[in-house]
Every structure is written in C-alpha cells, then in structure tokens.
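Here the structure comes first, spelled out in structure tokens, and everything after it is commentary.
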Amino acid sequence: MAEPVFNRLCLIGLGLIGSSIARLARERGDIAHTLVACDTGVGVAARVKQLGLADVVEVEATRAVEGCDGVLLCTPVGTFGRVMAQIAPHLAPGAVLSDVGSTKGSVLRDLLPRLPEGVHLVPGHPMAGTEHSGPDAGFATLFQGRYTILTPPEGADPAAVEKIAELWRRAGAMIETMDAATHDKVVAIVSHLPHLIAFTICSTADDLAQETREQVLKFAASGFRDFTRIAASDVDMWRDVFLNNREALLEMLARFSEDAHALGRAVRWGQAEFIEDRIRRGRKIRHGLIERKQA
C-alpha cells in the first residue's frame, strides 16, 4: 500500500461529498493515517460515529483541525468565511487547506485574507454529486472517472498542490487546473445554470392550478423527471452557490435567455432549419459527453 497522503486529515462537513471522501479514505487506507470528521449539524456527528466514518469525530471545528496536516472544507460555500475565522488560529504550520465548493472566486475571497503564515491554500472542486445529502448519502466511488478542478492561487506551494492532486487521483478523479475566474464561468454554464433552470421549471409546474399540476406529476415524461432530480438538490448548498457565483451565473443566464427567445421565435414563425440546427447542436454536445465518458 502507498504511503498515506496525509498523516491527519480533517473533513469539516459530512454531507454527500464529505461522507464520500470519508468512505473512500476508510476503504483505501492510503488517504490519511488518521481521519477526523467534524460536523455541527444536529445529530450528524452521532450518525457519523454510528457509521464508523472516521477515527475521531468532533462537533467543534477549532478542536477538529488541531494537529492536522490536511483540512478539507465540505460545508456550503456561504459558511466558509465564518468557519475560517474559527479555525485559522488553530491550523498547524505547514498544513494544507482545501475545499470542495463549486465556486472558487468566493473561496479565495473568504479564505485567503484569513490564511495564517505557513498554511497552504489549494482550492478544489470535484465535479461529481447526486441530488442526495447527508452522511448516509455518500459512497466511495462517487469521484471515479470524474474531473476535479484545482484553482491554486498565485504563488501556491507546488508540494501542497501535488498533495491535493494526489488525494483526488486516489479517489479515481481526473485532475484539471485553472484560475478561479475561468472555473466560475465554466461551472456557471455546465452546472449552475442547469440547476437554476430546473428549480424554475419545477416551481412553474408547482404554480399551476391544482388539477393541472396533478396531471403534470402523473404523466411527467423523462425530460421533466430529469429536471425534478436536479431540483431535488440541497437547499443551503445551492442558495450559497447562486449567491457566490452571481456575476458568472447572471452572464450565462442572459446568454441563455437570448438563445431561448431566438428558438421561441423560430417556433412561432415556423423556421424549421433554425430549430433543426439547435436540436443537432444539442445532440452533438450529448455525443461529446458520451465519448468522454462523462454521461
């Protein structure tokens, strides 16, 4: 077995992503010598203990991070500033701090100013998930064959970046590195906008008259079912994502709205060639995902 990436790794937040990393670490044995789990949610720490997901379980982040050479923030991105204010004085010199949040500009904004001297920040985003949440939702193969994007700040320690990259490689992920602004634009179109659309379509259906809504639910085709799966995602997480990637999301929403209106006009005026072009482009994107084994 390879030497563990970290001697003592702390996971703060044991939802889907955090509990999946914990299961992976327990299953492989080469992620950390000692795994510490921390969650302040009511009953979550007790459930984590019951499931045996970590060697040490804490409810106070200040205690959890002490002596850890690796700390991974797995809470909603809107909590990062508050959590960092608590843990910063307790982070060990030389520790590597990372996260799993799906916005990266806000991570740099909330963590860098509070980063203690000698502690290395390497933000990360595993592009994997389901609509489920909580410590029971995780599974060790969640990251297998998926991308993890790293957005190290300028001047980041190469050894620290390599440690986080190796953690994700052992999780089965493929690694990409880019700057935070580029990351936020990319995920705005491939993840955040689709969620915004799904939440909107489902709320539109919910606003229909009672009789019509029941028929919608009764006869929902696969397309609508796919939207409901996305729309079942965690409330706190997605509220924070939208608010912390506001500019990139609104830019992509504006572009989408223009394209949707253009397709609507084509439908109104019977412009078959325009409609066919949009359908073919959609099929092309789908086939590209399948070829990359991301579908």
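Starting from 1 in every chain, residues are counted up; chains themselves are A, B, ... following the order of the structure tokens, and ligands are numbered from 1 as listed.
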
Which of stretch 14-124 of chain A DSSP labels helix (DSSP H, G or I), written as a ChimeraX atom specification
/A:16-28,44-51,61-64,77-90,105-114

Hey, which bits of stretch 66-169 of chain A sit within 10 Å of stretch 16-29 of chain A, and for each residue what's the closest pair of atoms and how far apart in Å (one decimal), counting only C-alpha atoms, rows by chain and increasing number, as a Markdown table?
```
| residue | atom | partner | partner_atom | distance |
| --- | --- | --- | --- | --- |
| A:Leu72 | CA | A:Gly18 | CA | 8.5 |
| A:Leu73 | CA | A:Gly18 | CA | 8.3 |
| A:Cys74 | CA | A:Gly18 | CA | 5.5 |
| A:Thr75 | CA | A:Gly18 | CA | 8.3 |
| A:Asp99 | CA | A:Gly18 | CA | 9.9 |
| A:Val100 | CA | A:Ile17 | CA | 7.6 |
| A:Gly101 | CA | A:Ile17 | CA | 9.7 |
| A:Pro126 | CA | A:Ile17 | CA | 8.6 |
| A:Ala128 | CA | A:Ile17 | CA | 8.4 |
| A:Gly129 | CA | A:Ile17 | CA | 7.3 |
| A:Thr130 | CA | A:Leu16 | CA | 7.9 |
| A:Glu131 | CA | A:Leu16 | CA | 9.0 |
| A:His132 | CA | A:Leu16 | CA | 6.8 |
| A:Ser133 | CA | A:Leu16 | CA | 4.9 |
| A:Gly134 | CA | A:Leu16 | CA | 5.5 |
| A:Pro135 | CA | A:Ser19 | CA | 5.2 |
| A:Asp136 | CA | A:Ser19 | CA | 7.5 |
| A:Ala137 | CA | A:Leu16 | CA | 5.3 |
| A:Gly138 | CA | A:Ser20 | CA | 4.2 |
| A:Phe139 | CA | A:Ser20 | CA | 4.7 |
| A:Ala140 | CA | A:Leu24 | CA | 4.4 |
| A:Thr141 | CA | A:Leu24 | CA | 7.3 |
| A:Leu142 | CA | A:Ser20 | CA | 6.7 |
| A:Phe143 | CA | A:Ser20 | CA | 8.5 |
| A:Leu167 | CA | A:Ala25 | CA | 9.5 |
| A:Trp168 | CA | A:Ile21 | CA | 9.4 |
```

Would you save the residues from that selection as a PDB file, in the first residue's frame, using C-alpha atoms?
```pdb
ATOM      1  CA  LEU A  72     -10.882  19.899   3.717  1.00  0.00           C
ATOM      2  CA  LEU A  73     -13.896  22.227   3.920  1.00  0.00           C
ATOM      3  CA  CYS A  74     -17.001  20.328   2.776  1.00  0.00           C
ATOM      4  CA  THR A  75     -19.690  22.716   4.043  1.00  0.00           C
ATOM      5  CA  ASP A  99     -12.288  22.622  -0.092  1.00  0.00           C
ATOM      6  CA  VAL A 100     -14.891  21.009  -2.352  1.00  0.00           C
ATOM      7  CA  GLY A 101     -17.013  24.084  -3.097  1.00  0.00           C
ATOM      8  CA  PRO A 126     -14.847  17.658  -7.532  1.00  0.00           C
ATOM      9  CA  ALA A 128     -19.431  14.920  -9.005  1.00  0.00           C
ATOM     10  CA  GLY A 129     -22.601  14.661  -6.980  1.00  0.00           C
ATOM     11  CA  THR A 130     -26.168  13.464  -6.671  1.00  0.00           C
ATOM     12  CA  GLU A 131     -29.373  15.102  -5.500  1.00  0.00           C
ATOM     13  CA  HIS A 132     -28.990  13.426  -2.085  1.00  0.00           C
ATOM     14  CA  SER A 133     -27.360  14.919   1.014  1.00  0.00           C
ATOM     15  CA  GLY A 134     -26.271  13.947   4.500  1.00  0.00           C
ATOM     16  CA  PRO A 135     -23.791  11.383   5.879  1.00  0.00           C
ATOM     17  CA  ASP A 136     -25.863   8.427   4.669  1.00  0.00           C
ATOM     18  CA  ALA A 137     -25.794   9.671   1.061  1.00  0.00           C
ATOM     19  CA  GLY A 138     -22.065   9.228   0.411  1.00  0.00           C
ATOM     20  CA  PHE A 139     -20.360   6.398  -1.447  1.00  0.00           C
ATOM     21  CA  ALA A 140     -16.687   5.713  -2.085  1.00  0.00           C
ATOM     22  CA  THR A 141     -16.909   5.576  -5.892  1.00  0.00           C
ATOM     23  CA  LEU A 142     -18.598   8.986  -6.302  1.00  0.00           C
ATOM     24  CA  PHE A 143     -15.480  10.596  -7.827  1.00  0.00           C
ATOM     25  CA  LEU A 167      -5.728  12.825  -2.879  1.00  0.00           C
ATOM     26  CA  TRP A 168      -8.134  13.215  -5.793  1.00  0.00           C
TER      27      TRP A 168
END
```

Neighbour list for A:Ala45 as an MDAnalysis selection string, cut-off 12 Å, only C-alpha atoms, skip fewer than 5 positions in-chain
chainID A and resid 11:15 19 36:40 50:54 56:61 134:136

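Proximity to A:Ala181 at 9 Å, evaluated using only C-alpha atoms and with sequence-adjacent residues fewer than 6 positions away removed, yields Lys104, Gly105 and Ala248 of chain A.
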
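Once stretch 278-284 of chain A and its same-chain neighbours fewer than 4 positions away are set aside, Leu263, Phe274 and Gly288 of chain A remain within 8 Å of it when counting only C-alpha atoms.
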
Write the residues of the preceding selection, restricted to C-alpha atoms, as a PDB file, in the first residue's frame.
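Here's the written file part.pdb:
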```pdb
ATOM      1  CA  LEU A 263     -35.614  29.443 -30.538  1.00  0.00           C
ATOM      2  CA  PHE A 274     -33.162  27.031 -37.188  1.00  0.00           C
ATOM      3  CA  GLY A 288     -19.273  14.564 -26.891  1.00  0.00           C
TER       4      GLY A 288
END
```

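Nearest-residue note for A:His90: choosing from A:Val65, A:Leu108, A:Ala173, A:Ala198, the minimum distance belongs to A:Val65, counting only C-alpha atoms.
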
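Ranking A:Gly41, A:Gly124, A:Gly172, A:Pro194 by their shortest atom-to-atom distance to A:Met252, with only C-alpha atoms included, puts A:Pro194 first.
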
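Note that the spacing between atom CA of A:Ala188 and atom CA of A:Arg225 amounts to 22.1 Å.
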
Determine which residues of stretch 24-231 of chain A DSSP labels as strand (DSSP E or B) from the backbone of this structure, then write them out as a ChimeraX atom specification.
/A:32-38,56-58,70-73,96-99,120-121,124-126,147-150,174-177

Write the residues of the preceding selection, restricted to N, CA, C and O atoms, as a compact mmCIF listing (two decimals), in the first residue's frame.
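Just written: out.txt:
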```
# COMPACT_ATOMS: atom_id res chain seq x y z
N ALA A 32 -5.26 8.91 4.57
CA ALA A 32 -4.78 9.51 5.82
C ALA A 32 -4.53 8.42 6.86
O ALA A 32 -5.28 7.45 6.94
N HIS A 33 -3.48 8.61 7.67
CA HIS A 33 -3.25 7.72 8.80
C HIS A 33 -4.41 7.83 9.78
O HIS A 33 -4.93 6.82 10.27
N THR A 34 -4.80 9.09 10.06
CA THR A 34 -5.90 9.35 10.99
C THR A 34 -6.90 10.27 10.31
O THR A 34 -6.52 11.32 9.77
N LEU A 35 -8.17 9.90 10.34
CA LEU A 35 -9.22 10.70 9.71
C LEU A 35 -10.09 11.32 10.80
O LEU A 35 -10.62 10.62 11.66
N VAL A 36 -10.20 12.64 10.75
CA VAL A 36 -11.02 13.40 11.71
C VAL A 36 -12.23 13.95 10.97
O VAL A 36 -12.10 14.54 9.89
N ALA A 37 -13.42 13.76 11.53
CA ALA A 37 -14.65 14.28 10.93
C ALA A 37 -15.27 15.29 11.88
O ALA A 37 -15.31 15.08 13.09
N CYS A 38 -15.74 16.41 11.31
CA CYS A 38 -16.36 17.45 12.12
C CYS A 38 -17.64 17.93 11.45
O CYS A 38 -17.63 18.27 10.26
N VAL A 56 -11.79 9.90 14.49
CA VAL A 56 -12.15 10.89 15.51
C VAL A 56 -13.31 11.71 14.98
O VAL A 56 -13.31 12.13 13.83
N VAL A 57 -14.32 11.94 15.82
CA VAL A 57 -15.47 12.74 15.43
C VAL A 57 -15.61 13.90 16.41
O VAL A 57 -15.64 13.70 17.63
N GLU A 58 -15.67 15.12 15.88
CA GLU A 58 -15.78 16.32 16.70
C GLU A 58 -16.98 17.16 16.25
O GLU A 58 -17.41 17.08 15.10
N GLY A 70 -3.75 18.22 6.96
CA GLY A 70 -4.68 18.43 5.87
C GLY A 70 -6.06 18.77 6.41
O GLY A 70 -6.54 18.12 7.34
N VAL A 71 -6.70 19.80 5.84
CA VAL A 71 -8.06 20.20 6.25
C VAL A 71 -8.87 20.43 4.98
O VAL A 71 -8.44 21.17 4.08
N LEU A 72 -10.03 19.80 4.90
CA LEU A 72 -10.88 19.90 3.72
C LEU A 72 -12.25 20.45 4.14
O LEU A 72 -12.96 19.82 4.93
N LEU A 73 -12.60 21.62 3.62
CA LEU A 73 -13.90 22.23 3.92
C LEU A 73 -14.95 21.64 2.99
O LEU A 73 -14.86 21.81 1.77
N VAL A 96 -2.12 21.90 4.82
CA VAL A 96 -2.71 22.21 3.52
C VAL A 96 -4.22 22.32 3.71
O VAL A 96 -4.87 21.39 4.19
N LEU A 97 -4.77 23.48 3.32
CA LEU A 97 -6.21 23.74 3.43
C LEU A 97 -6.82 23.69 2.04
O LEU A 97 -6.34 24.35 1.12
N SER A 98 -7.87 22.89 1.88
CA SER A 98 -8.56 22.81 0.61
C SER A 98 -10.07 22.78 0.85
O SER A 98 -10.53 22.90 2.00
N ASP A 99 -10.83 22.62 -0.22
CA ASP A 99 -12.29 22.62 -0.09
C ASP A 99 -12.87 21.83 -1.26
O ASP A 99 -12.15 21.36 -2.13
N HIS A 120 -0.99 26.43 3.64
CA HIS A 120 -1.10 26.46 2.17
C HIS A 120 -2.55 26.25 1.74
O HIS A 120 -3.19 25.29 2.16
N LEU A 121 -3.05 27.14 0.87
CA LEU A 121 -4.42 27.03 0.37
C LEU A 121 -4.41 26.50 -1.06
O LEU A 121 -3.76 27.07 -1.94
N GLY A 124 -10.28 23.37 -4.39
CA GLY A 124 -10.61 22.30 -5.32
C GLY A 124 -12.10 22.13 -5.48
O GLY A 124 -12.88 22.54 -4.62
N HIS A 125 -12.49 21.53 -6.59
CA HIS A 125 -13.92 21.30 -6.86
C HIS A 125 -14.10 19.97 -7.58
O HIS A 125 -13.86 19.87 -8.78
N PRO A 126 -14.52 18.92 -6.86
CA PRO A 126 -14.85 17.66 -7.53
C PRO A 126 -16.16 17.80 -8.30
O PRO A 126 -17.18 18.16 -7.72
N TYR A 147 -14.01 14.60 -13.10
CA TYR A 147 -12.96 15.62 -13.00
C TYR A 147 -12.99 16.30 -11.64
O TYR A 147 -14.06 16.52 -11.06
N THR A 148 -11.80 16.63 -11.14
CA THR A 148 -11.67 17.55 -10.02
C THR A 148 -10.83 18.73 -10.52
O THR A 148 -9.75 18.54 -11.09
N ILE A 149 -11.35 19.93 -10.36
CA ILE A 149 -10.67 21.13 -10.81
C ILE A 149 -9.98 21.78 -9.62
O ILE A 149 -10.61 22.03 -8.58
N LEU A 150 -8.68 22.06 -9.75
CA LEU A 150 -7.92 22.76 -8.73
C LEU A 150 -7.68 24.19 -9.20
O LEU A 150 -7.39 24.42 -10.38
N MET A 174 -9.95 12.64 -12.35
CA MET A 174 -9.02 13.24 -13.30
C MET A 174 -8.82 14.69 -12.90
O MET A 174 -9.78 15.36 -12.53
N ILE A 175 -7.59 15.18 -12.97
CA ILE A 175 -7.26 16.50 -12.43
C ILE A 175 -7.10 17.53 -13.54
O ILE A 175 -6.43 17.27 -14.55
N GLU A 176 -7.73 18.68 -13.35
CA GLU A 176 -7.53 19.84 -14.22
C GLU A 176 -7.20 21.03 -13.32
O GLU A 176 -7.71 21.12 -12.20
N THR A 177 -6.36 21.93 -13.81
CA THR A 177 -6.02 23.14 -13.06
C THR A 177 -6.35 24.36 -13.89
O THR A 177 -6.07 24.40 -15.09
```
